[in-house]
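Here's the structure, in structure tokens; my notes come after.
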Amino acid sequence: MTALPIPNIRLNDGNLIPQFGFGVFLVDPAETERIVSEALETGYRHIDTASVYGNEEAVGRAIASSGIPREELFITTKLWNTDQEDPHGAFDASLERLGLEQVDLYLVHWPVPMHGTALGAWRGLVEIVGSGRTRSIGVSNFEVEHLEQLLGETGVVPAVNQIELHPLHQRRELVEFCREHEIAIEAWGPLSQGKSDLLEREEITVPARLRGKTPAQIVLRWHIQHGNIVFPKTTRRARMVENAAIFDFALSDAEMALIDGLDEQQNFGPDPRTFDAR
Ligand code: NAD
């Protein structure tokens, strides 16, 4: 099984992360082992899961049966909102389900500011990374005010912020803040989760036709050229191959600028300021 030629990004803690990977949000736990196995066969080496996705065990089985050396894989999981007061217990349970001794990245999944528990959770993650059982730590869905509070109170800068980001929702102020603090951007919902007409917009379809690429490949390439880390989800093998075939062409500055112009500040996921899923 040959790995895809994916570039790495260096995180602010010195560790490397493959810029492109495979996400398993809403992948049925009963199907996850087969789907992740197919992604690994296709050459993916970076898998993004979370305890709340309910499929960590299946991800772990796919990893174990792949025979791929652990050091060639990059595995992310996340601390769920209801576990923010017990990050150590939740982390141990995730490792157990994944069947791993270490993950590569552990994230606080949401800030849930109405509960006031994210800072304590972050302090827990700082201890966990100190123990060596995750190589890097970061956050997800943190707005500028949540990051400012976290930096001000703990002084420990997350390696990444995983946020909803795609051409219709470009989060410029938040991205600028993260770049200033050397927090890498992971873009979730990179294709707007299939919930918009993004892939039919002419700013996407014209460069696609010109290059014999698909609209999804154009959008993913736009992310890559902006330096975003992406892990699109698909359950179809052909699309796994398609989504990864974005490292043999480049969009021009003019094409990038046209896609930049699509920002409508339109999110399809929850608002992190009010999201309180328990
Ligand atoms: P996505 O933008 O990757 O969209 C996935 C959908 O796009 C698929 O269901 C499919 O319908 C469509 N699609 C995929 N490949 C396609 C192609 N080549 N052509 C046409 N359509 C295609 O959305 P996502 O899965 O929500 O996001 C990616 C990953 O980000 C998730 O799997 C998960 O790992 C992560 N995520 C994190 C959070 C968070 O709160 N941190 C939230 C959502 C997702």
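Identifiers in the structure tokens: chain A, B, ... in order shown; residue index from 1 per chain; ligand index from 1 in order shown.
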
Show me which residues line ligand 1, defined as having an atom within 6 Å of a ligand atom where only C-alpha atoms and all ligand atoms count, and present them as a PyMOL selection string. chain A and resi 23-25+48-49+109+140+162+188-194+216+231-234+239+242-243

Could you write out, as an mmCIF file with all heavy atoms, in the first residue's frame, all the residues of region 121-155 of chain A that DSSP marks as alpha helix (DSSP H)?
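Wrote states.cif, looks like this:
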data_model
loop_
_atom_site.group_PDB
_atom_site.id
_atom_site.type_symbol
_atom_site.label_atom_id
_atom_site.label_comp_id
_atom_site.auth_asym_id
_atom_site.auth_seq_id
_atom_site.Cartn_x
_atom_site.Cartn_y
_atom_site.Cartn_z
ATOM 1 N N ALA A 121 -10.524 22.067 30.650
ATOM 2 C CA ALA A 121 -10.261 20.965 29.710
ATOM 3 C C ALA A 121 -8.912 21.186 29.031
ATOM 4 O O ALA A 121 -8.105 20.253 28.894
ATOM 5 C CB ALA A 121 -11.375 20.895 28.669
ATOM 6 N N TRP A 122 -8.670 22.421 28.606
ATOM 7 C CA TRP A 122 -7.404 22.731 27.919
ATOM 8 C C TRP A 122 -6.210 22.454 28.841
ATOM 9 O O TRP A 122 -5.204 21.891 28.422
ATOM 10 C CB TRP A 122 -7.409 24.179 27.436
ATOM 11 C CG TRP A 122 -6.167 24.559 26.698
ATOM 12 C CD1 TRP A 122 -5.242 25.496 27.069
ATOM 13 C CD2 TRP A 122 -5.676 23.997 25.459
ATOM 14 N NE1 TRP A 122 -4.220 25.558 26.156
ATOM 15 C CE2 TRP A 122 -4.464 24.653 25.164
ATOM 16 C CE3 TRP A 122 -6.154 23.002 24.606
ATOM 17 C CZ2 TRP A 122 -3.721 24.333 24.022
ATOM 18 C CZ3 TRP A 122 -5.406 22.686 23.480
ATOM 19 C CH2 TRP A 122 -4.205 23.358 23.195
ATOM 20 N N ARG A 123 -6.343 22.815 30.115
ATOM 21 C CA ARG A 123 -5.248 22.535 31.071
ATOM 22 C C ARG A 123 -5.014 21.021 31.161
ATOM 23 O O ARG A 123 -3.875 20.573 31.277
ATOM 24 C CB ARG A 123 -5.577 23.128 32.443
ATOM 25 C CG ARG A 123 -5.543 24.645 32.438
ATOM 26 C CD ARG A 123 -5.474 25.250 33.852
ATOM 27 N NE ARG A 123 -5.316 26.698 33.758
ATOM 28 C CZ ARG A 123 -6.330 27.568 33.843
ATOM 29 N NH1 ARG A 123 -7.561 27.136 34.065
ATOM 30 N NH2 ARG A 123 -6.103 28.866 33.717
ATOM 31 N N GLY A 124 -6.084 20.266 31.070
ATOM 32 C CA GLY A 124 -5.951 18.800 31.060
ATOM 33 C C GLY A 124 -5.188 18.330 29.832
ATOM 34 O O GLY A 124 -4.303 17.467 29.917
ATOM 35 N N LEU A 125 -5.508 18.922 28.671
ATOM 36 C CA LEU A 125 -4.811 18.525 27.438
ATOM 37 C C LEU A 125 -3.322 18.875 27.517
ATOM 38 O O LEU A 125 -2.474 18.137 26.991
ATOM 39 C CB LEU A 125 -5.453 19.185 26.209
ATOM 40 C CG LEU A 125 -6.489 18.316 25.469
ATOM 41 C CD1 LEU A 125 -7.667 17.979 26.360
ATOM 42 C CD2 LEU A 125 -6.945 18.967 24.174
ATOM 43 N N VAL A 126 -3.030 19.987 28.193
ATOM 44 C CA VAL A 126 -1.623 20.375 28.349
ATOM 45 C C VAL A 126 -0.882 19.302 29.166
ATOM 46 O O VAL A 126 0.251 18.921 28.843
ATOM 47 C CB VAL A 126 -1.507 21.775 29.014
ATOM 48 C CG1 VAL A 126 -0.054 22.107 29.347
ATOM 49 C CG2 VAL A 126 -2.121 22.844 28.106
ATOM 50 N N GLU A 127 -1.551 18.770 30.180
ATOM 51 C CA GLU A 127 -0.934 17.687 30.966
ATOM 52 C C GLU A 127 -0.784 16.421 30.116
ATOM 53 O O GLU A 127 0.227 15.726 30.200
ATOM 54 C CB GLU A 127 -1.798 17.377 32.207
ATOM 55 C CG GLU A 127 -1.740 18.478 33.256
ATOM 56 C CD GLU A 127 -2.841 18.356 34.309
ATOM 57 O OE1 GLU A 127 -3.592 17.348 34.301
ATOM 58 O OE2 GLU A 127 -2.950 19.290 35.130
ATOM 59 N N ILE A 128 -1.801 16.156 29.318
ATOM 60 C CA ILE A 128 -1.767 14.929 28.497
ATOM 61 C C ILE A 128 -0.632 14.999 27.477
ATOM 62 O O ILE A 128 0.105 14.029 27.285
ATOM 63 C CB ILE A 128 -3.143 14.692 27.824
ATOM 64 C CG1 ILE A 128 -4.200 14.361 28.887
ATOM 65 C CG2 ILE A 128 -3.050 13.559 26.808
ATOM 66 C CD1 ILE A 128 -5.637 14.407 28.388
ATOM 67 N N VAL A 129 -0.468 16.152 26.822
ATOM 68 C CA VAL A 129 0.629 16.253 25.845
ATOM 69 C C VAL A 129 1.973 16.145 26.579
ATOM 70 O O VAL A 129 2.927 15.555 26.055
ATOM 71 C CB VAL A 129 0.514 17.526 24.964
ATOM 72 C CG1 VAL A 129 0.972 18.775 25.687
ATOM 73 C CG2 VAL A 129 1.301 17.360 23.661
ATOM 74 N N GLY A 130 2.011 16.633 27.813
ATOM 75 C CA GLY A 130 3.231 16.514 28.619
ATOM 76 C C GLY A 130 3.568 15.065 28.921
ATOM 77 O O GLY A 130 4.737 14.703 29.072
ATOM 78 N N SER A 131 2.525 14.227 28.989
ATOM 79 C CA SER A 131 2.742 12.801 29.288
ATOM 80 C C SER A 131 3.201 12.027 28.056
ATOM 81 O O SER A 131 3.534 10.851 28.147
ATOM 82 C CB SER A 131 1.449 12.174 29.819
ATOM 83 O OG SER A 131 0.543 11.913 28.742
ATOM 84 N N VAL A 144 -12.385 33.931 17.965
ATOM 85 C CA VAL A 144 -11.288 34.769 18.458
ATOM 86 C C VAL A 144 -11.398 34.965 19.972
ATOM 87 O O VAL A 144 -10.411 34.841 20.706
ATOM 88 C CB VAL A 144 -11.266 36.132 17.715
ATOM 89 C CG1 VAL A 144 -10.310 37.097 18.406
ATOM 90 C CG2 VAL A 144 -10.868 35.946 16.254
ATOM 91 N N GLU A 145 -12.612 35.246 20.460
ATOM 92 C CA GLU A 145 -12.735 35.520 21.906
ATOM 93 C C GLU A 145 -12.387 34.293 22.751
ATOM 94 O O GLU A 145 -11.830 34.420 23.846
ATOM 95 C CB GLU A 145 -14.125 36.071 22.260
ATOM 96 C CG GLU A 145 -15.273 35.073 22.181
ATOM 97 C CD GLU A 145 -16.161 35.290 20.948
ATOM 98 O OE1 GLU A 145 -15.654 35.747 19.906
ATOM 99 O OE2 GLU A 145 -17.369 34.981 21.046
ATOM 100 N N HIS A 146 -12.692 33.108 22.235
ATOM 101 C CA HIS A 146 -12.360 31.887 22.994
ATOM 102 C C HIS A 146 -10.847 31.653 22.988
ATOM 103 O O HIS A 146 -10.275 31.240 23.998
ATOM 104 C CB HIS A 146 -13.077 30.673 22.401
ATOM 105 C CG HIS A 146 -14.551 30.877 22.210
ATOM 106 N ND1 HIS A 146 -15.221 30.545 21.071
ATOM 107 C CD2 HIS A 146 -15.482 31.417 23.049
ATOM 108 C CE1 HIS A 146 -16.507 30.861 21.195
ATOM 109 N NE2 HIS A 146 -16.682 31.397 22.384
ATOM 110 N N LEU A 147 -10.216 31.955 21.849
ATOM 111 C CA LEU A 147 -8.756 31.782 21.762
ATOM 112 C C LEU A 147 -8.053 32.812 22.635
ATOM 113 O O LEU A 147 -7.073 32.492 23.328
ATOM 114 C CB LEU A 147 -8.295 31.934 20.306
ATOM 115 C CG LEU A 147 -8.679 30.779 19.367
ATOM 116 C CD1 LEU A 147 -8.437 31.164 17.917
ATOM 117 C CD2 LEU A 147 -7.900 29.516 19.718
ATOM 118 N N GLU A 148 -8.575 34.048 22.620
ATOM 119 C CA GLU A 148 -7.938 35.095 23.439
ATOM 120 C C GLU A 148 -7.974 34.712 24.916
ATOM 121 O O GLU A 148 -6.995 34.873 25.641
ATOM 122 C CB GLU A 148 -8.658 36.436 23.227
ATOM 123 C CG GLU A 148 -8.149 37.157 21.986
ATOM 124 C CD GLU A 148 -8.934 38.412 21.666
ATOM 125 O OE1 GLU A 148 -10.090 38.541 22.131
ATOM 126 O OE2 GLU A 148 -8.364 39.258 20.939
ATOM 127 N N GLN A 149 -9.097 34.183 25.343
ATOM 128 C CA GLN A 149 -9.227 33.789 26.741
ATOM 129 C C GLN A 149 -8.263 32.645 27.063
ATOM 130 O O GLN A 149 -7.544 32.678 28.063
ATOM 131 C CB GLN A 149 -10.670 33.362 27.029
ATOM 132 C CG GLN A 149 -10.929 33.193 28.511
ATOM 133 C CD GLN A 149 -12.223 32.451 28.795
ATOM 134 O OE1 GLN A 149 -12.744 31.730 27.937
ATOM 135 N NE2 GLN A 149 -12.725 32.613 29.999
ATOM 136 N N LEU A 150 -8.208 31.683 26.162
ATOM 137 C CA LEU A 150 -7.338 30.519 26.373
ATOM 138 C C LEU A 150 -5.858 30.934 26.420
ATOM 139 O O LEU A 150 -5.112 30.511 27.317
ATOM 140 C CB LEU A 150 -7.608 29.527 25.241
ATOM 141 C CG LEU A 150 -6.930 28.180 25.273
ATOM 142 C CD1 LEU A 150 -7.872 27.121 24.743
ATOM 143 C CD2 LEU A 150 -5.705 28.223 24.429
ATOM 144 N N LEU A 151 -5.472 31.810 25.504
ATOM 145 C CA LEU A 151 -4.073 32.262 25.480
ATOM 146 C C LEU A 151 -3.774 33.092 26.725
ATOM 147 O O LEU A 151 -2.732 32.940 27.361
ATOM 148 C CB LEU A 151 -3.795 33.092 24.217
ATOM 149 C CG LEU A 151 -3.917 32.349 22.876
ATOM 150 C CD1 LEU A 151 -3.694 33.286 21.699
ATOM 151 C CD2 LEU A 151 -2.920 31.212 22.820
ATOM 152 N N GLY A 152 -4.710 33.985 27.051
ATOM 153 C CA GLY A 152 -4.501 34.874 28.199
ATOM 154 C C GLY A 152 -4.399 34.110 29.505
ATOM 155 O O GLY A 152 -3.584 34.425 30.369
ATOM 156 N N GLU A 153 -5.237 33.093 29.672
ATOM 157 C CA GLU A 153 -5.301 32.383 30.958
ATOM 158 C C GLU A 153 -4.245 31.292 31.093
ATOM 159 O O GLU A 153 -3.842 30.969 32.204
ATOM 160 C CB GLU A 153 -6.687 31.738 31.128
ATOM 161 C CG GLU A 153 -7.838 32.709 31.123
ATOM 162 C CD GLU A 153 -8.121 33.324 32.485
ATOM 163 O OE1 GLU A 153 -7.752 32.720 33.504
ATOM 164 O OE2 GLU A 153 -8.706 34.418 32.495
ATOM 165 N N THR A 154 -3.860 30.676 29.969
ATOM 166 C CA THR A 154 -2.944 29.527 30.091
ATOM 167 C C THR A 154 -1.600 29.763 29.404
ATOM 168 O O THR A 154 -0.627 29.084 29.723
ATOM 169 C CB THR A 154 -3.544 28.236 29.474
ATOM 170 O OG1 THR A 154 -3.522 28.334 28.040
ATOM 171 C CG2 THR A 154 -4.969 28.009 29.940
#

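Omitting Asn15 (chain A) and its sequence neighbours fewer than 4 positions away, and counting only C-alpha atoms, the residues within 10 Å are Asn8, Ile9, Arg10, Leu11, Asp104, Leu105, Arg135, Ser136 and Ala159 of chain A.
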
Write out the residues from the selection above, keeping N, CA and C atoms, as a PDB file, in the first residue's frame.
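After the write, part.pdb holds the following:
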ATOM      1  N   ASN A   8       3.498  17.847   4.009  1.00  0.00           N
ATOM      2  CA  ASN A   8       3.299  18.049   5.441  1.00  0.00           C
ATOM      3  C   ASN A   8       3.318  19.529   5.769  1.00  0.00           C
ATOM      4  N   ILE A   9       2.659  19.869   6.869  1.00  0.00           N
ATOM      5  CA  ILE A   9       2.730  21.230   7.411  1.00  0.00           C
ATOM      6  C   ILE A   9       3.388  21.107   8.783  1.00  0.00           C
ATOM      7  N   ARG A  10       4.288  22.052   9.081  1.00  0.00           N
ATOM      8  CA  ARG A  10       4.927  22.006  10.399  1.00  0.00           C
ATOM      9  C   ARG A  10       4.088  22.812  11.388  1.00  0.00           C
ATOM     10  N   LEU A  11       3.709  22.168  12.479  1.00  0.00           N
ATOM     11  CA  LEU A  11       2.898  22.826  13.507  1.00  0.00           C
ATOM     12  C   LEU A  11       3.789  23.661  14.423  1.00  0.00           C
ATOM     13  N   ASP A 104      -1.850  11.400  17.517  1.00  0.00           N
ATOM     14  CA  ASP A 104      -0.984  12.472  17.015  1.00  0.00           C
ATOM     15  C   ASP A 104      -1.529  13.847  17.381  1.00  0.00           C
ATOM     16  N   LEU A 105      -2.855  13.934  17.504  1.00  0.00           N
ATOM     17  CA  LEU A 105      -3.466  15.237  17.794  1.00  0.00           C
ATOM     18  C   LEU A 105      -4.739  15.007  18.591  1.00  0.00           C
ATOM     19  N   ARG A 135       0.850  13.615  20.620  1.00  0.00           N
ATOM     20  CA  ARG A 135       2.031  14.373  20.206  1.00  0.00           C
ATOM     21  C   ARG A 135       1.739  15.861  20.148  1.00  0.00           C
ATOM     22  N   SER A 136       0.494  16.216  19.791  1.00  0.00           N
ATOM     23  CA  SER A 136       0.104  17.622  19.697  1.00  0.00           C
ATOM     24  C   SER A 136      -1.291  17.799  20.283  1.00  0.00           C
ATOM     25  N   ALA A 159      -1.950  23.963  18.728  1.00  0.00           N
ATOM     26  CA  ALA A 159      -1.248  23.733  17.458  1.00  0.00           C
ATOM     27  C   ALA A 159      -2.178  23.975  16.279  1.00  0.00           C
TER      28      ALA A 159
END

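Distance check against Pro270 (chain A) using only C-alpha atoms: of A:Ala118, A:Ile218, A:Val112, A:Val230, the minimum falls on A:Val112.
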
Fewer than 5 positions away in the same chain doesn't count, so skip those; otherwise give me all residues within 10 Å of Pro111 (chain A), counting only C-alpha atoms, as a ChimeraX atom specification. /A:81,84,116-119,121,139-143,146-147,272-276

Just all heavy atoms for this one: save the residues we selected as a CSV table (one decimal), in the first residue's frame.
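After the write, selection.csv holds the following:
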chain,number,residue,atom,x,y,z
A,81,ASN,N,-17.9,17.5,24.5
A,81,ASN,CA,-18.4,18.5,25.4
A,81,ASN,C,-18.7,18.0,26.8
A,81,ASN,O,-18.3,18.7,27.8
A,81,ASN,CB,-19.6,19.2,24.8
A,81,ASN,CG,-19.3,19.8,23.5
A,81,ASN,OD1,-18.2,19.9,23.1
A,81,ASN,ND2,-20.4,20.1,22.7
A,84,GLN,N,-15.6,17.6,29.3
A,84,GLN,CA,-14.6,18.7,29.5
A,84,GLN,C,-14.1,18.7,31.0
A,84,GLN,O,-13.1,19.2,31.2
A,84,GLN,CB,-15.2,20.0,29.1
A,84,GLN,CG,-15.3,20.2,27.6
A,84,GLN,CD,-15.5,21.6,27.1
A,84,GLN,OE1,-15.8,22.5,27.9
A,84,GLN,NE2,-15.3,21.8,25.8
A,116,GLY,N,-18.4,27.2,30.7
A,116,GLY,CA,-17.2,27.6,31.4
A,116,GLY,C,-16.2,26.5,31.8
A,116,GLY,O,-15.5,26.6,32.7
A,117,THR,N,-16.2,25.4,31.0
A,117,THR,CA,-15.4,24.3,31.4
A,117,THR,C,-14.2,24.1,30.4
A,117,THR,O,-13.4,23.2,30.6
A,117,THR,CB,-16.2,23.0,31.4
A,117,THR,OG1,-17.0,22.9,30.2
A,117,THR,CG2,-17.1,23.0,32.6
A,118,ALA,N,-14.2,24.8,29.3
A,118,ALA,CA,-13.2,24.6,28.2
A,118,ALA,C,-11.7,24.9,28.7
A,118,ALA,O,-10.8,24.2,28.3
A,118,ALA,CB,-13.5,25.4,27.0
A,119,LEU,N,-11.6,25.9,29.6
A,119,LEU,CA,-10.2,26.2,30.0
A,119,LEU,C,-9.6,25.1,30.9
A,119,LEU,O,-8.5,24.8,30.7
A,119,LEU,CB,-10.3,27.5,30.9
A,119,LEU,CG,-10.1,28.8,30.1
A,119,LEU,CD1,-10.0,30.0,31.2
A,119,LEU,CD2,-8.8,28.8,29.3
A,121,ALA,N,-10.5,22.1,30.7
A,121,ALA,CA,-10.3,21.0,29.7
A,121,ALA,C,-8.9,21.2,29.0
A,121,ALA,O,-8.1,20.3,28.9
A,121,ALA,CB,-11.4,20.9,28.7
A,139,VAL,N,-7.5,22.9,19.4
A,139,VAL,CA,-8.9,23.1,19.7
A,139,VAL,C,-9.7,23.1,18.4
A,139,VAL,O,-9.1,23.0,17.3
A,139,VAL,CB,-9.1,24.5,20.3
A,139,VAL,CG1,-8.4,24.6,21.7
A,139,VAL,CG2,-8.6,25.7,19.5
A,140,SER,N,-11.0,23.1,18.5
A,140,SER,CA,-11.9,23.1,17.4
A,140,SER,C,-13.1,24.0,17.7
A,140,SER,O,-13.6,24.1,18.8
A,140,SER,CB,-12.4,21.6,17.2
A,140,SER,OG,-13.3,21.6,16.1
A,141,ASN,N,-13.5,24.7,16.6
A,141,ASN,CA,-14.6,25.6,16.7
A,141,ASN,C,-14.4,26.8,17.7
A,141,ASN,O,-15.4,27.3,18.2
A,141,ASN,CB,-15.9,24.8,17.1
A,141,ASN,CG,-16.2,23.8,16.1
A,141,ASN,OD1,-16.4,24.1,14.9
A,141,ASN,ND2,-16.2,22.5,16.5
A,142,PHE,N,-13.2,27.2,17.9
A,142,PHE,CA,-12.9,28.3,18.8
A,142,PHE,C,-12.9,29.6,18.0
A,142,PHE,O,-12.2,29.7,17.0
A,142,PHE,CB,-11.5,28.1,19.5
A,142,PHE,CG,-11.6,27.3,20.8
A,142,PHE,CD1,-12.3,26.1,20.8
A,142,PHE,CD2,-11.1,27.8,22.0
A,142,PHE,CE1,-12.4,25.4,22.0
A,142,PHE,CE2,-11.2,27.0,23.2
A,142,PHE,CZ,-11.8,25.8,23.2
A,143,GLU,N,-13.7,30.6,18.5
A,143,GLU,CA,-13.7,31.9,17.9
A,143,GLU,C,-12.6,32.7,18.5
A,143,GLU,O,-12.0,32.3,19.5
A,143,GLU,CB,-15.1,32.6,18.2
A,143,GLU,CG,-16.3,31.8,17.6
A,143,GLU,CD,-16.3,31.9,16.1
A,143,GLU,OE1,-15.9,32.9,15.5
A,143,GLU,OE2,-16.8,30.9,15.5
A,146,HIS,N,-12.7,33.1,22.2
A,146,HIS,CA,-12.4,31.9,23.0
A,146,HIS,C,-10.8,31.7,23.0
A,146,HIS,O,-10.3,31.2,24.0
A,146,HIS,CB,-13.1,30.7,22.4
A,146,HIS,CG,-14.6,30.9,22.2
A,146,HIS,ND1,-15.2,30.5,21.1
A,146,HIS,CD2,-15.5,31.4,23.0
A,146,HIS,CE1,-16.5,30.9,21.2
A,146,HIS,NE2,-16.7,31.4,22.4
A,147,LEU,N,-10.2,32.0,21.8
A,147,LEU,CA,-8.8,31.8,21.8
A,147,LEU,C,-8.1,32.8,22.6
A,147,LEU,O,-7.1,32.5,23.3
A,147,LEU,CB,-8.3,31.9,20.3
A,147,LEU,CG,-8.7,30.8,19.4
A,147,LEU,CD1,-8.4,31.2,17.9
A,147,LEU,CD2,-7.9,29.5,19.7
A,272,PRO,N,-20.5,28.3,17.0
A,272,PRO,CA,-19.8,27.9,18.2
A,272,PRO,C,-20.1,28.7,19.4
A,272,PRO,O,-19.9,28.3,20.6
A,272,PRO,CB,-18.3,28.1,17.8
A,272,PRO,CG,-18.3,28.0,16.3
A,272,PRO,CD,-19.6,28.6,15.9
A,273,ARG,N,-20.6,29.9,19.2
A,273,ARG,CA,-20.9,30.8,20.4
A,273,ARG,C,-22.1,30.3,21.2
A,273,ARG,O,-22.3,30.5,22.4
A,273,ARG,CB,-21.2,32.2,20.0
A,273,ARG,CG,-19.9,32.9,19.4
A,273,ARG,CD,-20.2,34.4,19.1
A,273,ARG,NE,-18.9,35.0,18.6
A,273,ARG,CZ,-18.6,35.1,17.4
A,273,ARG,NH1,-19.4,34.7,16.4
A,273,ARG,NH2,-17.4,35.7,17.0
A,274,THR,N,-23.0,29.6,20.5
A,274,THR,CA,-24.3,29.1,21.1
A,274,THR,C,-24.4,27.6,21.1
A,274,THR,O,-25.3,27.1,21.8
A,274,THR,CB,-25.5,29.7,20.4
A,274,THR,OG1,-25.4,29.4,19.0
A,274,THR,CG2,-25.5,31.3,20.5
A,275,PHE,N,-23.6,26.9,20.4
A,275,PHE,CA,-23.7,25.4,20.3
A,275,PHE,C,-23.5,24.8,21.6
A,275,PHE,O,-22.5,24.9,22.2
A,275,PHE,CB,-22.8,24.9,19.3
A,275,PHE,CG,-22.9,23.4,19.0
A,275,PHE,CD1,-24.1,22.9,18.5
A,275,PHE,CD2,-21.9,22.5,19.2
A,275,PHE,CE1,-24.3,21.6,18.2
A,275,PHE,CE2,-22.0,21.2,19.0
A,275,PHE,CZ,-23.2,20.7,18.4
A,276,ASP,N,-24.5,24.0,22.1
A,276,ASP,CA,-24.5,23.4,23.4
A,276,ASP,C,-24.9,22.0,23.4
A,276,ASP,O,-25.6,21.5,24.2
A,276,ASP,CB,-25.5,24.2,24.3
A,276,ASP,CG,-25.5,23.7,25.7
A,276,ASP,OD1,-24.5,23.1,26.2
A,276,ASP,OD2,-26.5,24.0,26.5

Which residues of region 33-80 of chain A have any atom within 12 Å of an atom in region 245-266 of chain A when counting only C-alpha atoms, and what is the closest pair of atoms for each, with the distance in Å to one decimal? Order the rows by chain and rising number and write it as a tab-separated table.
residue	atom	partner	partner_atom	distance
A:Thr42	CA	A:Ala245	CA	10.9
A:Gly43	CA	A:Ala245	CA	11.0
A:Tyr44	CA	A:Ala245	CA	11.4

For Ile68 (chain A), please output as a ChimeraX atom specification all residues within 10 Å (counting only C-alpha atoms; exclusion window: fewer than 5 positions along the same chain). /A:1-3,40-41,45,63,73

Kindly export the residues of the current selection with N, CA and C atoms, as an mmCIF file, in the first residue's frame.
data_model
loop_
_atom_site.group_PDB
_atom_site.id
_atom_site.type_symbol
_atom_site.label_atom_id
_atom_site.label_comp_id
_atom_site.auth_asym_id
_atom_site.auth_seq_id
_atom_site.Cartn_x
_atom_site.Cartn_y
_atom_site.Cartn_z
ATOM 1 N N MET A 1 0.854 -1.194 0.000
ATOM 2 C CA MET A 1 0.000 0.000 0.000
ATOM 3 C C MET A 1 0.891 1.245 0.000
ATOM 4 N N THR A 2 0.824 1.961 -1.094
ATOM 5 C CA THR A 2 1.693 3.131 -1.213
ATOM 6 C C THR A 2 0.979 4.372 -0.700
ATOM 7 N N ALA A 3 1.696 5.172 0.079
ATOM 8 C CA ALA A 3 1.114 6.422 0.586
ATOM 9 C C ALA A 3 0.997 7.431 -0.546
ATOM 10 N N LEU A 40 -7.147 3.842 3.645
ATOM 11 C CA LEU A 40 -5.725 3.517 3.863
ATOM 12 C C LEU A 40 -5.143 2.820 2.632
ATOM 13 N N GLU A 41 -5.942 1.948 2.017
ATOM 14 C CA GLU A 41 -5.475 1.271 0.788
ATOM 15 C C GLU A 41 -5.255 2.289 -0.327
ATOM 16 N N ARG A 45 -3.179 8.628 4.947
ATOM 17 C CA ARG A 45 -2.445 8.277 6.159
ATOM 18 C C ARG A 45 -2.855 9.130 7.357
ATOM 19 N N ILE A 63 -6.968 0.488 11.429
ATOM 20 C CA ILE A 63 -5.538 0.780 11.571
ATOM 21 C C ILE A 63 -4.776 -0.514 11.856
ATOM 22 N N LEU A 73 1.292 6.919 10.246
ATOM 23 C CA LEU A 73 -0.097 7.386 10.325
ATOM 24 C C LEU A 73 -0.198 8.632 11.197
#

Pick the closest to Lys78 (chain A) from A:Ile137, A:Leu100, A:Ala64, A:Ala184: which is it, counting only C-alpha atoms? A:Ile137

Shell of 7 Å around Glu56 (chain A), only C-alpha atoms, local chain residues under 4 positions omitted, as an NGL selection string: :A and (49-51 or 60 or 97-98)

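One finds CA of Gly227 (chain A) at 19.5 Å from CA of Ile75 (chain A).
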
Would you mind writing down, as JSON, numbers by chain, each residue of region 115-250 of chain A that DSSP on the backbone assigns to strand (DSSP E)? {"A": [134, 135, 136, 137, 138, 139, 140, 160, 161, 162, 163, 164, 184, 185, 186, 187, 188, 229, 230]}

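For the atom pair formed by CA of His46 (chain A) and CA of Ala90 (chain A), the distance is 21.6 Å, given to one decimal.
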
Restricting the calculation to only C-alpha atoms: of A:His181, A:Arg133, A:Arg211, A:Arg236, which residue gets closest to Asn12 (chain A)? A:His181

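For the choices A:Ser196, A:Asn55, A:Asn161, A:Asn228, the atom-to-atom distance to Leu174 (chain A) is smallest for A:Asn161 when using only C-alpha atoms.
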
Residue contacts of Ala58 (chain A) (7 Å, only C-alpha atoms) excluding same-chain residues fewer than 6 positions away, as number ranges by chain: A: 29, 32-33

Mind giving me the straight-line distance from CA of Gln170 (chain A) to CA of Glu202 (chain A) in Å, one decimal? 18.0 Å

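Proximity ranking of A:Asn267, A:Ala62, A:Arg278, A:Leu16 relative to Val36 (chain A) places A:Ala62 first, based on only C-alpha atoms.
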